[in-house]
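Trainee: Handing you a structure now.
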Amino acid sequence: MKLCIILPAYFFPYPLKCGGSQAVFNMIDGLRHDIEITLIFSYKKEEKKYVEKLKDMWDNVYFFGLEKTLKKTIAKYKKYPVKSIVAITKRIFNGSVFDTDDLDFAYIDFFCEVLENNNFDIVQTEFYPAMDYVYAIKPQLKKVFVQLEIHYIRNERLASKGISNYENFLMQKNKQEEIAAMNMYDAVITLTDIDKNILQRDGVKIPIYSSPAIASSQNNYKENYEFKNKVIFLASGGHLPNAEGLIWFVENIWSLVQRECPDMQFNIIGNWDRKLYSKYKDINFLGFVENLEQALDGAIMVVPLLTGSGMRIKIMDAVNHGCPVITTSVGVEGLDFENEMDCIIEDNAELFAKRLCDLIKDEDKQRILRKNAKNTMDKLYSKKALLERRLNAYKGVL
């Protein structure tokens with residue numbers, strides 16, 4: 001089988017700086033031993049070293065890369081102070097939460113030429129910005145879209161916080177355009193059964209396969225665990241649900257935790273614009289860390305997400321590293337984790353703080369959550385099982 005993966009313009013999956021990078025990297029890293037993979041992408045000049053490093057790691061993958069200058073998609077928001085999640089979402093998305101990304105015409109020409117000069121069994125796109133690439137791919141080619149996060153579902157959840165009539169117009173328009181684009185493919189792959197059911201309900205008529213992402217660090221679980229007063233949030237600040245979740249946590253939960261557990265550290269791993277959050281105190285932005293195992297050692301993971309869809313690989317990473325997890329129902333959505341058995345699930349801010357403090361003080365509870373979650377991961381989300389599910393989806397398309 002010959003699979004061609006077209007990534008969005010200006011996205012390169014290495015190094016692993018966010019959950020999306022992990023989802024792409026880990027799946028390709030597993031599939032490349034069973035099928036022939038071609039990767040089409042664009043990259044900045046300063047990313048060339050990462051391209052070359054990945055080529056060395058994946059000597060059985062074909063690379064077609066277009067070197068480009070990165071567009072500035074986040075415009076003119078840095079001069080404004082952070083006041084609320086509504087304000088930050090409007091600035092991040094340059095005036096509207098529901099604006100769509102511009103297509104890169106040079107990149108489309110580039111990948112069309114690659115498709116014209118090579119033979120592939122399946123052409124795959126991933127991420128919302130690449131969804132519309134389907135209109136540039138010849139109809140006779142089998143086309144698959146990997147839906148890592150349903151964009152319009154994220155928008156609808158954001159809309160519950162209040163939007164203008166114009167933003168509601170954009171939301172409804174983009175929803176229908178998103179569904180129409182998906183119906184141009186031969187199949188859609190979602191990361192969860194929940195997202196699969198949503199798309200079927202909302203009018204996606206083509207076959208939909210549920211195929212979860214693969215987490216990194218399958219063998220970093222430690223039997224011996226000692227909590228070291230570290231609370232961790234693993235996320236990229238460029239992804240709106242992460243920014244929203246962080247603000248909700250620090251404005252409504254963290255001060256309550258500090259009052260009862262004053263010796264705690266709150267560490268944030270991932271790329272964030274620290275200036276946007278300068279008014280919040282007692283937060284440690286660690287940035288991208290080379291050694292995730294060391295950063296997560298002795299920590300409790302918080303996943304305080306309020307919006308979004310798809311699967312949170314950060315929870316799978318936490319479990320594989322032996323970190324107890326406390327999350328919201330949105331954060332754990334799509335994972336078959338049971339409340340009080342595999343993790344703690346809480347949507348109320350005050351109760352979230354209380355249950356986090358209780359977990360900090362309860363070594364037996366930490367042990368139970370770690371053990372049960374790891375057993376669930378090994379049973380339902382092993383690398384072998386997830387690769388088989390993805391390969392079966394491709395076979396179904398063909």
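So you can find residues: chains in the structure tokens are A, B, ... in the order shown, residues in each start at 1, and ligands are numbered from 1 in order.
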Just the residues within 9 Å of Phe352 of chain A, please, counting only C-alpha atoms, with nothing from its chain fewer than 5 positions along; format it as a PyMOL selection string.
Mentor: chain A and resi 253+304+326-328+344-347+357
Trainee: Would you save the residues from that selection as a compact mmCIF listing (two decimals), in the first residue's frame, using N, CA and C atoms?
Mentor:
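Saved result, selection-v3.txt, follows:
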# COMPACT_ATOMS: atom_id res chain seq x y z
N ILE A 253 -9.15 28.24 40.10
CA ILE A 253 -8.78 27.01 40.82
C ILE A 253 -7.45 27.14 41.56
N PRO A 304 -7.47 20.91 32.35
CA PRO A 304 -8.68 21.69 32.62
C PRO A 304 -9.33 22.27 31.37
N ILE A 326 -6.11 14.58 36.80
CA ILE A 326 -7.42 15.16 37.10
C ILE A 326 -7.80 16.05 35.92
N THR A 327 -9.01 15.86 35.43
CA THR A 327 -9.40 16.49 34.17
C THR A 327 -10.89 16.88 34.21
N THR A 328 -11.32 17.57 33.19
CA THR A 328 -12.74 17.84 32.98
C THR A 328 -13.33 16.75 32.09
N ILE A 344 -9.53 11.41 37.82
CA ILE A 344 -10.59 12.19 38.46
C ILE A 344 -11.16 13.14 37.43
N ILE A 345 -12.50 13.16 37.32
CA ILE A 345 -13.19 14.01 36.34
C ILE A 345 -14.07 14.99 37.09
N GLU A 346 -13.85 16.28 36.86
CA GLU A 346 -14.62 17.30 37.57
C GLU A 346 -14.73 18.57 36.72
N ASP A 347 -15.94 19.11 36.58
CA ASP A 347 -16.17 20.29 35.76
C ASP A 347 -16.40 21.56 36.58
N CYS A 357 -6.63 18.97 45.66
CA CYS A 357 -5.98 18.99 46.97
C CYS A 357 -6.09 17.64 47.67
Trainee: List every residue of segment 256-314 of chain A that DSSP, applied to the backbone, labels as strand (DSSP E), and write the result as a list in words.
Mentor: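 Put together, the selection reads Gln265, Phe266, Asn267, Ile268, Ile269, Asn284, Phe285, Leu286, Gly287, Ala299, Ile300, Met301, Val302 and Val303 of chain A.
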Trainee: Assign secondary structure with DSSP using the backbone only, and return the residues of segment 162-246 of chain A in alpha helix (DSSP H) as an MDAnalysis selection string.
Mentor: chainID A and resid 165:182 193:202 240:246
Trainee: Fewer than 4 positions away in the same chain doesn't count, so skip those; otherwise give me all residues within 8 Å of Ile300 of chain A, counting only C-alpha atoms, as a PyMOL selection string.
Mentor: chain A and resi 227+230-232+296+323-326+360
Trainee: Mind giving me the straight-line distance from atom CA of Leu398 of chain A to atom CA of Asn119 of chain A in Å, one decimal?
Mentor: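 Rounded to one decimal, the two atoms are 14.4 Å apart.
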Trainee: Measuring between only C-alpha atoms, which one of A:Leu234, A:Glu52, A:Glu116, A:Lys196 shows the shortest distance to Phe288 of chain A?
Mentor: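 The shortest atom-to-atom distance to Phe288 of chain A comes from A:Leu234.
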